file data02.pdb (PDB, N, CA and C atoms)
ATOM      1  N   MET A   3       0.840  -1.172   0.000
ATOM      2  CA  MET A   3       0.000   0.000   0.000
ATOM      3  C   MET A   3       0.886   1.235   0.000
ATOM      4  N   THR A   4       0.555   2.201  -0.809
ATOM      5  CA  THR A   4       1.311   3.441  -0.892
ATOM      6  C   THR A   4       1.054   4.288   0.349
ATOM      7  N   GLU A   5       2.110   4.738   0.952
ATOM      8  CA  GLU A   5       2.001   5.574   2.151
ATOM      9  C   GLU A   5       2.077   7.033   1.739
ATOM     10  N   LEU A   6       1.008   7.763   1.972
ATOM     11  CA  LEU A   6       0.968   9.183   1.658
ATOM     12  C   LEU A   6       1.299   9.990   2.899
ATOM     13  N   LYS A   7       1.875  11.145   2.692
ATOM     14  CA  LYS A   7       2.239  12.018   3.805
ATOM     15  C   LYS A   7       0.980  12.394   4.595
ATOM     16  N   GLY A   8       1.056  12.231   5.899
ATOM     17  CA  GLY A   8      -0.054  12.618   6.764
ATOM     18  C   GLY A   8      -1.158  11.576   6.874
ATOM     19  N   THR A   9      -0.923  10.360   6.362
ATOM     20  CA  THR A   9      -1.988   9.352   6.404
ATOM     21  C   THR A   9      -1.682   8.216   7.374
ATOM     22  N   ASP A  10      -0.651   8.359   8.156
ATOM     23  CA  ASP A  10      -0.305   7.297   9.092
ATOM     24  C   ASP A  10      -1.117   7.453  10.376
ATOM     25  N   ASN A  11      -2.431   7.310  10.260
ATOM     26  CA  ASN A  11      -3.332   7.463  11.387
ATOM     27  C   ASN A  11      -3.936   6.098  11.683
ATOM     28  N   LYS A  12      -3.452   5.459  12.738
ATOM     29  CA  LYS A  12      -3.890   4.106  13.067
ATOM     30  C   LYS A  12      -5.382   4.039  13.358
ATOM     31  N   ALA A  13      -5.929   5.052  14.002
ATOM     32  CA  ALA A  13      -7.358   5.047  14.331
ATOM     33  C   ALA A  13      -8.210   5.072  13.060
ATOM     34  N   THR A  14      -7.794   5.879  12.086
ATOM     35  CA  THR A  14      -8.530   5.947  10.825
ATOM     36  C   THR A  14      -8.469   4.610  10.111
ATOM     37  N   ARG A  15      -7.290   4.028  10.051
ATOM     38  CA  ARG A  15      -7.144   2.727   9.401
ATOM     39  C   ARG A  15      -7.949   1.651  10.138
ATOM     40  N   ARG A  16      -8.005   1.742  11.453
ATOM     41  CA  ARG A  16      -8.775   0.776  12.236
ATOM     42  C   ARG A  16     -10.261   0.862  11.881
ATOM     43  N   VAL A  17     -10.775   2.079  11.760
ATOM     44  CA  VAL A  17     -12.184   2.273  11.387
ATOM     45  C   VAL A  17     -12.449   1.638  10.026
ATOM     46  N   LEU A  18     -11.555   1.873   9.077
ATOM     47  CA  LEU A  18     -11.730   1.292   7.744
ATOM     48  C   LEU A  18     -11.647  -0.233   7.784
ATOM     49  N   ASN A  19     -10.768  -0.765   8.621
ATOM     50  CA  ASN A  19     -10.658  -2.218   8.757
ATOM     51  C   ASN A  19     -11.911  -2.817   9.380
ATOM     52  N   VAL A  20     -12.541  -2.080  10.278
ATOM     53  CA  VAL A  20     -13.808  -2.559  10.861
ATOM     54  C   VAL A  20     -14.875  -2.646   9.773
ATOM     55  N   ILE A  21     -14.917  -1.665   8.887
ATOM     56  CA  ILE A  21     -15.866  -1.729   7.767
ATOM     57  C   ILE A  21     -15.616  -2.990   6.957
ATOM     58  N   ARG A  22     -14.351  -3.265   6.657
ATOM     59  CA  ARG A  22     -14.016  -4.481   5.895
ATOM     60  C   ARG A  22     -14.431  -5.740   6.650
ATOM     61  N   ALA A  23     -14.216  -5.751   7.954
ATOM     62  CA  ALA A  23     -14.557  -6.931   8.757
ATOM     63  C   ALA A  23     -16.063  -7.181   8.757
ATOM     64  N   LEU A  24     -16.854  -6.117   8.707
ATOM     65  CA  LEU A  24     -18.315  -6.258   8.741
ATOM     66  C   LEU A  24     -18.900  -6.688   7.396
ATOM     67  N   LYS A  25     -18.091  -6.626   6.344
ATOM     68  CA  LYS A  25     -18.559  -7.024   5.012
ATOM     69  C   LYS A  25     -19.056  -8.468   5.049
ATOM     70  N   GLY A  26     -20.278  -8.662   4.566
ATOM     71  CA  GLY A  26     -20.858 -10.004   4.526
ATOM     72  C   GLY A  26     -21.635 -10.389   5.771
ATOM     73  N   TYR A  27     -21.767  -9.470   6.703
ATOM     74  CA  TYR A  27     -22.479  -9.754   7.951
ATOM     75  C   TYR A  27     -23.601  -8.744   8.192
ATOM     76  N   SER A  28     -24.239  -8.292   7.127
ATOM     77  CA  SER A  28     -25.271  -7.261   7.248
ATOM     78  C   SER A  28     -26.519  -7.741   7.968
ATOM     79  N   LEU A  29     -26.804  -9.025   7.919
ATOM     80  CA  LEU A  29     -28.020  -9.522   8.558
ATOM     81  C   LEU A  29     -27.786  -9.956  10.000
ATOM     82  N   GLY A  30     -26.762 -10.759  10.248
ATOM     83  CA  GLY A  30     -26.526 -11.278  11.598
ATOM     84  C   GLY A  30     -25.539 -10.475  12.402
ATOM     85  N   GLY A  31     -24.689  -9.699  11.709
ATOM     86  CA  GLY A  31     -23.707  -8.873  12.388
ATOM     87  C   GLY A  31     -22.577  -9.657  13.023
ATOM     88  N   LEU A  32     -21.671  -8.940  13.613
ATOM     89  CA  LEU A  32     -20.548  -9.496  14.364
ATOM     90  C   LEU A  32     -20.499  -8.827  15.723
ATOM     91  N   SER A  33     -20.034  -9.561  16.714
ATOM     92  CA  SER A  33     -19.858  -8.963  18.040
ATOM     93  C   SER A  33     -18.560  -8.162  18.063
ATOM     94  N   ASN A  34     -18.454  -7.303  19.052
ATOM     95  CA  ASN A  34     -17.238  -6.525  19.253
ATOM     96  C   ASN A  34     -16.045  -7.476  19.366
ATOM     97  N   THR A  35     -16.201  -8.533  20.123
ATOM     98  CA  THR A  35     -15.118  -9.496  20.336
ATOM     99  C   THR A  35     -14.725 -10.181  19.038
ATOM    100  N   GLU A  36     -15.708 -10.557  18.239
ATOM    101  CA  GLU A  36     -15.404 -11.209  16.957
ATOM    102  C   GLU A  36     -14.618 -10.276  16.042
ATOM    103  N   ILE A  37     -15.025  -9.015  16.006
ATOM    104  CA  ILE A  37     -14.307  -8.038  15.182
ATOM    105  C   ILE A  37     -12.881  -7.867  15.704
ATOM    106  N   ALA A  38     -12.746  -7.727  17.017
ATOM    107  CA  ALA A  38     -11.423  -7.557  17.632
ATOM    108  C   ALA A  38     -10.513  -8.734  17.307
ATOM    109  N   GLU A  39     -11.041  -9.947  17.394
ATOM    110  CA  GLU A  39     -10.235 -11.138  17.098
ATOM    111  C   GLU A  39      -9.826 -11.184  15.630
ATOM    112  N   ARG A  40     -10.754 -10.861  14.740
ATOM    113  CA  ARG A  40     -10.454 -10.888  13.303
ATOM    114  C   ARG A  40      -9.388  -9.871  12.923
ATOM    115  N   LEU A  41      -9.400  -8.730  13.604
ATOM    116  CA  LEU A  41      -8.464  -7.658  13.272
ATOM    117  C   LEU A  41      -7.237  -7.624  14.174
ATOM    118  N   HIS A  42      -7.175  -8.541  15.140
ATOM    119  CA  HIS A  42      -6.063  -8.581  16.096
ATOM    120  C   HIS A  42      -5.915  -7.234  16.800
ATOM    121  N   GLU A  43      -7.057  -6.730  17.246
ATOM    122  CA  GLU A  43      -7.123  -5.447  17.958
ATOM    123  C   GLU A  43      -7.752  -5.689  19.328
ATOM    124  N   SER A  44      -7.609  -4.714  20.206
ATOM    125  CA  SER A  44      -8.261  -4.822  21.507
ATOM    126  C   SER A  44      -9.737  -4.457  21.361
ATOM    127  N   PRO A  45     -10.605  -5.085  22.171
ATOM    128  CA  PRO A  45     -12.026  -4.744  22.115
ATOM    129  C   PRO A  45     -12.300  -3.264  22.361
ATOM    130  N   VAL A  46     -11.510  -2.614  23.213
ATOM    131  CA  VAL A  46     -11.731  -1.195  23.487
ATOM    132  C   VAL A  46     -11.469  -0.352  22.234
ATOM    133  N   ASN A  47     -10.457  -0.720  21.464
ATOM    134  CA  ASN A  47     -10.194   0.006  20.222
ATOM    135  C   ASN A  47     -11.312  -0.221  19.200
ATOM    136  N   ILE A  48     -11.854  -1.414  19.181
ATOM    137  CA  ILE A  48     -12.967  -1.710  18.273
ATOM    138  C   ILE A  48     -14.207  -0.936  18.717
ATOM    139  N   THR A  49     -14.431  -0.832  20.013
ATOM    140  CA  THR A  49     -15.559  -0.044  20.527
ATOM    141  C   THR A  49     -15.450   1.400  20.053
ATOM    142  N   ARG A  50     -14.263   1.965  20.119
ATOM    143  CA  ARG A  50     -14.054   3.346  19.658
ATOM    144  C   ARG A  50     -14.329   3.472  18.163
ATOM    145  N   ALA A  51     -13.814   2.527  17.384
ATOM    146  CA  ALA A  51     -14.021   2.558  15.932
ATOM    147  C   ALA A  51     -15.503   2.412  15.601
ATOM    148  N   LEU A  52     -16.184   1.512  16.281
ATOM    149  CA  LEU A  52     -17.618   1.331  16.045
ATOM    150  C   LEU A  52     -18.409   2.574  16.428
ATOM    151  N   ALA A  53     -17.993   3.246  17.479
ATOM    152  CA  ALA A  53     -18.679   4.477  17.886
ATOM    153  C   ALA A  53     -18.605   5.525  16.776
ATOM    154  N   VAL A  54     -17.448   5.645  16.130
ATOM    155  CA  VAL A  54     -17.296   6.581  15.008
ATOM    156  C   VAL A  54     -18.211   6.165  13.858
ATOM    157  N   LEU A  55     -18.177   4.879  13.520
ATOM    158  CA  LEU A  55     -18.992   4.387  12.405
ATOM    159  C   LEU A  55     -20.485   4.571  12.669
ATOM    160  N   ILE A  56     -20.914   4.311  13.869
ATOM    161  CA  ILE A  56     -22.329   4.488  14.221
ATOM    162  C   ILE A  56     -22.692   5.972  14.180
ATOM    163  N   ASP A  57     -21.833   6.801  14.741
ATOM    164  CA  ASP A  57     -22.091   8.238  14.762
ATOM    165  C   ASP A  57     -22.191   8.827  13.354
ATOM    166  N   GLU A  58     -21.412   8.294  12.428
ATOM    167  CA  GLU A  58     -21.413   8.782  11.046
ATOM    168  C   GLU A  58     -22.419   8.054  10.157
ATOM    169  N   GLY A  59     -23.139   7.092  10.725
ATOM    170  CA  GLY A  59     -24.179   6.404   9.973
ATOM    171  C   GLY A  59     -23.701   5.251   9.111
ATOM    172  N   PHE A  60     -22.487   4.767   9.334
ATOM    173  CA  PHE A  60     -21.949   3.679   8.530
ATOM    174  C   PHE A  60     -22.146   2.300   9.164
ATOM    175  N   ALA A  61     -22.480   2.254  10.426
ATOM    176  CA  ALA A  61     -22.716   0.985  11.110
ATOM    177  C   ALA A  61     -23.905   1.150  12.056
ATOM    178  N   ILE A  62     -24.486   0.018  12.409
ATOM    179  CA  ILE A  62     -25.598   0.007  13.358
ATOM    180  C   ILE A  62     -25.384  -1.119  14.364
ATOM    181  N   LYS A  63     -26.004  -0.966  15.518
ATOM    182  CA  LYS A  63     -26.023  -2.036  16.500
ATOM    183  C   LYS A  63     -27.371  -2.729  16.346
ATOM    184  N   LEU A  64     -27.324  -4.018  16.055
ATOM    185  CA  LEU A  64     -28.540  -4.790  15.840
ATOM    186  C   LEU A  64     -29.221  -5.116  17.165
ATOM    187  N   ASP A  65     -30.472  -5.571  17.086
ATOM    188  CA  ASP A  65     -31.223  -5.944  18.287
ATOM    189  C   ASP A  65     -30.544  -7.065  19.067
ATOM    190  N   ASN A  66     -29.752  -7.886  18.377
ATOM    191  CA  ASN A  66     -29.057  -8.998  19.044
ATOM    192  C   ASN A  66     -27.747  -8.548  19.703
ATOM    193  N   GLY A  67     -27.454  -7.223  19.653
ATOM    194  CA  GLY A  67     -26.254  -6.684  20.282
ATOM    195  C   GLY A  67     -25.024  -6.718  19.402
ATOM    196  N   ARG A  68     -25.160  -7.282  18.208
ATOM    197  CA  ARG A  68     -24.045  -7.365  17.274
ATOM    198  C   ARG A  68     -24.051  -6.136  16.366
ATOM    199  N   PHE A  69     -23.004  -5.973  15.590
ATOM    200  CA  PHE A  69     -22.848  -4.798  14.751
ATOM    201  C   PHE A  69     -22.851  -5.185  13.277
ATOM    202  N   ALA A  70     -23.403  -4.302  12.455
ATOM    203  CA  ALA A  70     -23.488  -4.543  11.016
ATOM    204  C   ALA A  70     -23.333  -3.223  10.285
ATOM    205  N   LEU A  71     -23.046  -3.327   8.996
ATOM    206  CA  LEU A  71     -23.031  -2.134   8.162
ATOM    207  C   LEU A  71     -24.446  -1.594   8.061
ATOM    208  N   SER A  72     -24.567  -0.300   7.958
ATOM    209  CA  SER A  72     -25.876   0.356   7.928
ATOM    210  C   SER A  72     -26.486   0.322   6.539
ATOM    211  N   ILE A  73     -27.747   0.713   6.476
ATOM    212  CA  ILE A  73     -28.442   0.849   5.204
ATOM    213  C   ILE A  73     -27.714   1.866   4.332
ATOM    214  N   GLN A  74     -27.165   2.911   4.928
ATOM    215  CA  GLN A  74     -26.431   3.924   4.173
ATOM    216  C   GLN A  74     -25.284   3.289   3.380
ATOM    217  N   VAL A  75     -24.539   2.396   3.991
ATOM    218  CA  VAL A  75     -23.438   1.728   3.293
ATOM    219  C   VAL A  75     -23.985   0.852   2.177
ATOM    220  N   LEU A  76     -25.071   0.165   2.448
ATOM    221  CA  LEU A  76     -25.680  -0.677   1.423
ATOM    222  C   LEU A  76     -26.200   0.168   0.265
ATOM    223  N   GLN A  77     -26.712   1.361   0.563
ATOM    224  CA  GLN A  77     -27.161   2.263  -0.491
ATOM    225  C   GLN A  77     -25.982   2.739  -1.334
ATOM    226  N   ILE A  78     -24.856   3.001  -0.707
ATOM    227  CA  ILE A  78     -23.655   3.394  -1.443
ATOM    228  C   ILE A  78     -23.227   2.261  -2.375
ATOM    229  N   ALA A  79     -23.216   1.044  -1.862
ATOM    230  CA  ALA A  79     -22.828  -0.116  -2.676
ATOM    231  C   ALA A  79     -23.795  -0.320  -3.832
ATOM    232  N   THR A  80     -25.083  -0.149  -3.573
ATOM    233  CA  THR A  80     -26.092  -0.309  -4.618
ATOM    234  C   THR A  80     -25.945   0.767  -5.688
ATOM    235  N   ALA A  81     -25.703   2.000  -5.271
ATOM    236  CA  ALA A  81     -25.512   3.095  -6.230
ATOM    237  C   ALA A  81     -24.298   2.821  -7.111
ATOM    238  N   HIS A  82     -23.239   2.312  -6.523
ATOM    239  CA  HIS A  82     -22.035   1.983  -7.292
ATOM    240  C   HIS A  82     -22.336   0.864  -8.290
ATOM    241  N   SER A  83     -23.029  -0.151  -7.833
ATOM    242  CA  SER A  83     -23.402  -1.261  -8.713
ATOM    243  C   SER A  83     -24.281  -0.788  -9.859
ATOM    244  N   ASN A  84     -25.244   0.080  -9.554
ATOM    245  CA  ASN A  84     -26.128   0.614 -10.596
ATOM    246  C   ASN A  84     -25.338   1.416 -11.620
ATOM    247  N   GLU A  85     -24.383   2.215 -11.152
ATOM    248  CA  GLU A  85     -23.562   3.007 -12.064
ATOM    249  C   GLU A  85     -22.734   2.098 -12.978
ATOM    250  N   CYS A  86     -22.164   1.049 -12.405
ATOM    251  CA  CYS A  86     -21.391   0.093 -13.216
ATOM    252  C   CYS A  86     -22.280  -0.592 -14.239
ATOM    253  N   ASN A  87     -23.478  -1.007 -13.821
ATOM    254  CA  ASN A  87     -24.404  -1.664 -14.748
ATOM    255  C   ASN A  87     -24.822  -0.724 -15.871
ATOM    256  N   SER A  88     -25.014   0.537 -15.560
ATOM    257  CA  SER A  88     -25.362   1.525 -16.573
ATOM    258  C   SER A  88     -24.229   1.683 -17.582
ATOM    259  N   ALA A  89     -23.009   1.712 -17.107
ATOM    260  CA  ALA A  89     -21.850   1.824 -18.002
ATOM    261  C   ALA A  89     -21.745   0.595 -18.897
ATOM    262  N   ILE A  90     -21.984  -0.569 -18.322
ATOM    263  CA  ILE A  90     -21.957  -1.810 -19.113
ATOM    264  C   ILE A  90     -23.029  -1.766 -20.187
ATOM    265  N   ASP A  91     -24.215  -1.287 -19.823
ATOM    266  CA  ASP A  91     -25.304  -1.176 -20.801
ATOM    267  C   ASP A  91     -24.933  -0.223 -21.937
ATOM    268  N   ARG A  92     -24.301   0.907 -21.600
ATOM    269  CA  ARG A  92     -23.893   1.868 -22.643
ATOM    270  C   ARG A  92     -22.867   1.261 -23.585
ATOM    271  N   VAL A  93     -21.911   0.525 -23.027
ATOM    272  CA  VAL A  93     -20.902  -0.133 -23.862
ATOM    273  C   VAL A  93     -21.563  -1.185 -24.751
ATOM    274  N   HIS A  94     -22.486  -1.935 -24.188
ATOM    275  CA  HIS A  94     -23.204  -2.956 -24.967
ATOM    276  C   HIS A  94     -23.979  -2.304 -26.117
ATOM    277  N   GLN A  95     -24.658  -1.194 -25.853
ATOM    278  CA  GLN A  95     -25.400  -0.484 -26.902
ATOM    279  C   GLN A  95     -24.449   0.028 -27.982
ATOM    280  N   LEU A  96     -23.310   0.557 -27.571
ATOM    281  CA  LEU A  96     -22.328   1.043 -28.531
ATOM    282  C   LEU A  96     -21.821  -0.110 -29.401
ATOM    283  N   ASN A  97     -21.530  -1.243 -28.781
ATOM    284  CA  ASN A  97     -21.072  -2.415 -29.532
ATOM    285  C   ASN A  97     -22.128  -2.882 -30.528
ATOM    286  N   GLN A  98     -23.396  -2.809 -30.138
ATOM    287  CA  GLN A  98     -24.474  -3.193 -31.057
ATOM    288  C   GLN A  98     -24.522  -2.242 -32.252
ATOM    289  N   ARG A  99     -24.371  -0.953 -31.988
ATOM    290  CA  ARG A  99     -24.390   0.038 -33.067
ATOM    291  C   ARG A  99     -23.202  -0.164 -34.002
ATOM    292  N   ILE A 100     -22.036  -0.471 -33.431
ATOM    293  CA  ILE A 100     -20.847  -0.724 -34.257
ATOM    294  C   ILE A 100     -21.081  -1.953 -35.126
ATOM    295  N   ALA A 101     -21.587  -3.016 -34.508
ATOM    296  CA  ALA A 101     -21.836  -4.262 -35.249
ATOM    297  C   ALA A 101     -22.861  -4.052 -36.356
ATOM    298  N   ALA A 102     -23.823  -3.163 -36.131
ATOM    299  CA  ALA A 102     -24.865  -2.888 -37.123
ATOM    300  C   ALA A 102     -24.388  -1.897 -38.182
ATOM    301  N   GLY A 103     -23.218  -1.314 -37.989
ATOM    302  CA  GLY A 103     -22.693  -0.356 -38.945
ATOM    303  C   GLY A 103     -23.347   1.017 -38.852
ATOM    304  N   ALA A 104     -24.011   1.298 -37.720
ATOM    305  CA  ALA A 104     -24.759   2.550 -37.579
ATOM    306  C   ALA A 104     -23.941   3.682 -37.002
ATOM    307  N   LEU A 105     -22.704   3.424 -36.613
ATOM    308  CA  LEU A 105     -21.913   4.468 -35.967
ATOM    309  C   LEU A 105     -21.268   5.348 -37.028
ATOM    310  N   ASN A 106     -21.554   6.608 -36.991
ATOM    311  CA  ASN A 106     -20.985   7.554 -37.959
ATOM    312  C   ASN A 106     -20.180   8.598 -37.262
TER     313      ASN A 106
END
call {"tool": "encode", "arguments": {"input": "data02.pdb", "output": "structure tokens"}}
result
Amino acid sequence: MTELKGTDNKATRRVLNVIRALKGYSLGGLSNTEIAERLHESPVNITRALAVLIDEGFAIKLDNGRFALSIQVLQIATAHSNECNSAIDRVHQLNQRIAAGALN
């Protein structure tokens, strides 16, 4: 990974790693301890990272006490997927026009 000046912030990287750890657990979530074990971090550091994510709307605490990515994150992922699908559709349409000889 390229190290940029002023980006050596362990807390910021920890928050981003928590997002990665929560990937794939949107329904059942992960406990603080499970996240800490996966990231080889202390539970207190994970609690701090989760507090930031919850405060910013990127994570939620489920009714079962576990943590998951929020609807906001899922909306971001869906918007990205939709944009990619739209680009694929445009390329496909262009290829059809080229194949039909209609491109001038």
call {"tool": "closest_residue", "arguments": {"input": "data02.pdb", "among": "A:Leu18, A:Ala70, A:Ala61, A:Ser44", "to": "A:Gly30", "atoms": "only N, CA and C atoms"}}
result
A:Ala70
call {"tool": "atom_distance", "arguments": {"input": "data02.pdb", "atom1": "atom N of A:Leu76", "atom2": "atom N of A:Arg22"}}
result
12.0 Å
call {"tool": "select_by_dssp", "arguments": {"input": "data02.pdb", "residues": "chain A", "states": "strand (DSSP E)", "output": "number ranges by chain"}}
result
A: 61-63, 69-71
call {"tool": "write_last_selection", "arguments": {"input": "data02.pdb", "atoms": "N, CA and C atoms", "output": "mmCIF file, in the coordinates of the input"}}
result
data_model
loop_
_atom_site.group_PDB
_atom_site.id
_atom_site.type_symbol
_atom_site.label_atom_id
_atom_site.label_comp_id
_atom_site.auth_asym_id
_atom_site.auth_seq_id
_atom_site.Cartn_x
_atom_site.Cartn_y
_atom_site.Cartn_z
ATOM 1 N N ALA A 61 -22.480 2.254 10.426
ATOM 2 C CA ALA A 61 -22.716 0.985 11.110
ATOM 3 C C ALA A 61 -23.905 1.150 12.056
ATOM 4 N N ILE A 62 -24.486 0.018 12.409
ATOM 5 C CA ILE A 62 -25.598 0.007 13.358
ATOM 6 C C ILE A 62 -25.384 -1.119 14.364
ATOM 7 N N LYS A 63 -26.004 -0.966 15.518
ATOM 8 C CA LYS A 63 -26.023 -2.036 16.500
ATOM 9 C C LYS A 63 -27.371 -2.729 16.346
ATOM 10 N N PHE A 69 -23.004 -5.973 15.590
ATOM 11 C CA PHE A 69 -22.848 -4.798 14.751
ATOM 12 C C PHE A 69 -22.851 -5.185 13.277
ATOM 13 N N ALA A 70 -23.403 -4.302 12.455
ATOM 14 C CA ALA A 70 -23.488 -4.543 11.016
ATOM 15 C C ALA A 70 -23.333 -3.223 10.285
ATOM 16 N N LEU A 71 -23.046 -3.327 8.996
ATOM 17 C CA LEU A 71 -23.031 -2.134 8.162
ATOM 18 C C LEU A 71 -24.446 -1.594 8.061
#
call {"tool": "residues_around", "arguments": {"input": "data02.pdb", "residues": "A:Asn34", "least_positions_apart": "4", "cutoff": "6 Å", "atoms": "all atoms listed in the file", "output": "MDAnalysis selection string"}}
result
chainID A and resid 38:39 45 68:69
call {"tool": "resolve_selection", "arguments": {"input": "data02.pdb", "expression": "the PyMOL selection byres (((chain A and resi 63 and name CA) around 10) and name CA)", "output": "ChimeraX atom specification"}}
result
/A:31-33,52-53,56,61-62,64-72
call {"tool": "residues_near_point", "arguments": {"input": "data02.pdb", "point": "(-10.1, -7.2, 12.6)", "cutoff": "9 Å", "atoms": "only C-alpha atoms", "output": "list in words"}}
result
Arg16, Asn19, Val20, Arg22, Ala23, Glu36, Ile37, Ala38, Glu39, Arg40, Leu41, His42, Glu43 and Ile48 of chain A
call {"tool": "atom_distance", "arguments": {"input": "data02.pdb", "atom1": "atom CA of A:Arg15", "atom2": "atom CA of A:Val75"}}
result
17.4 Å
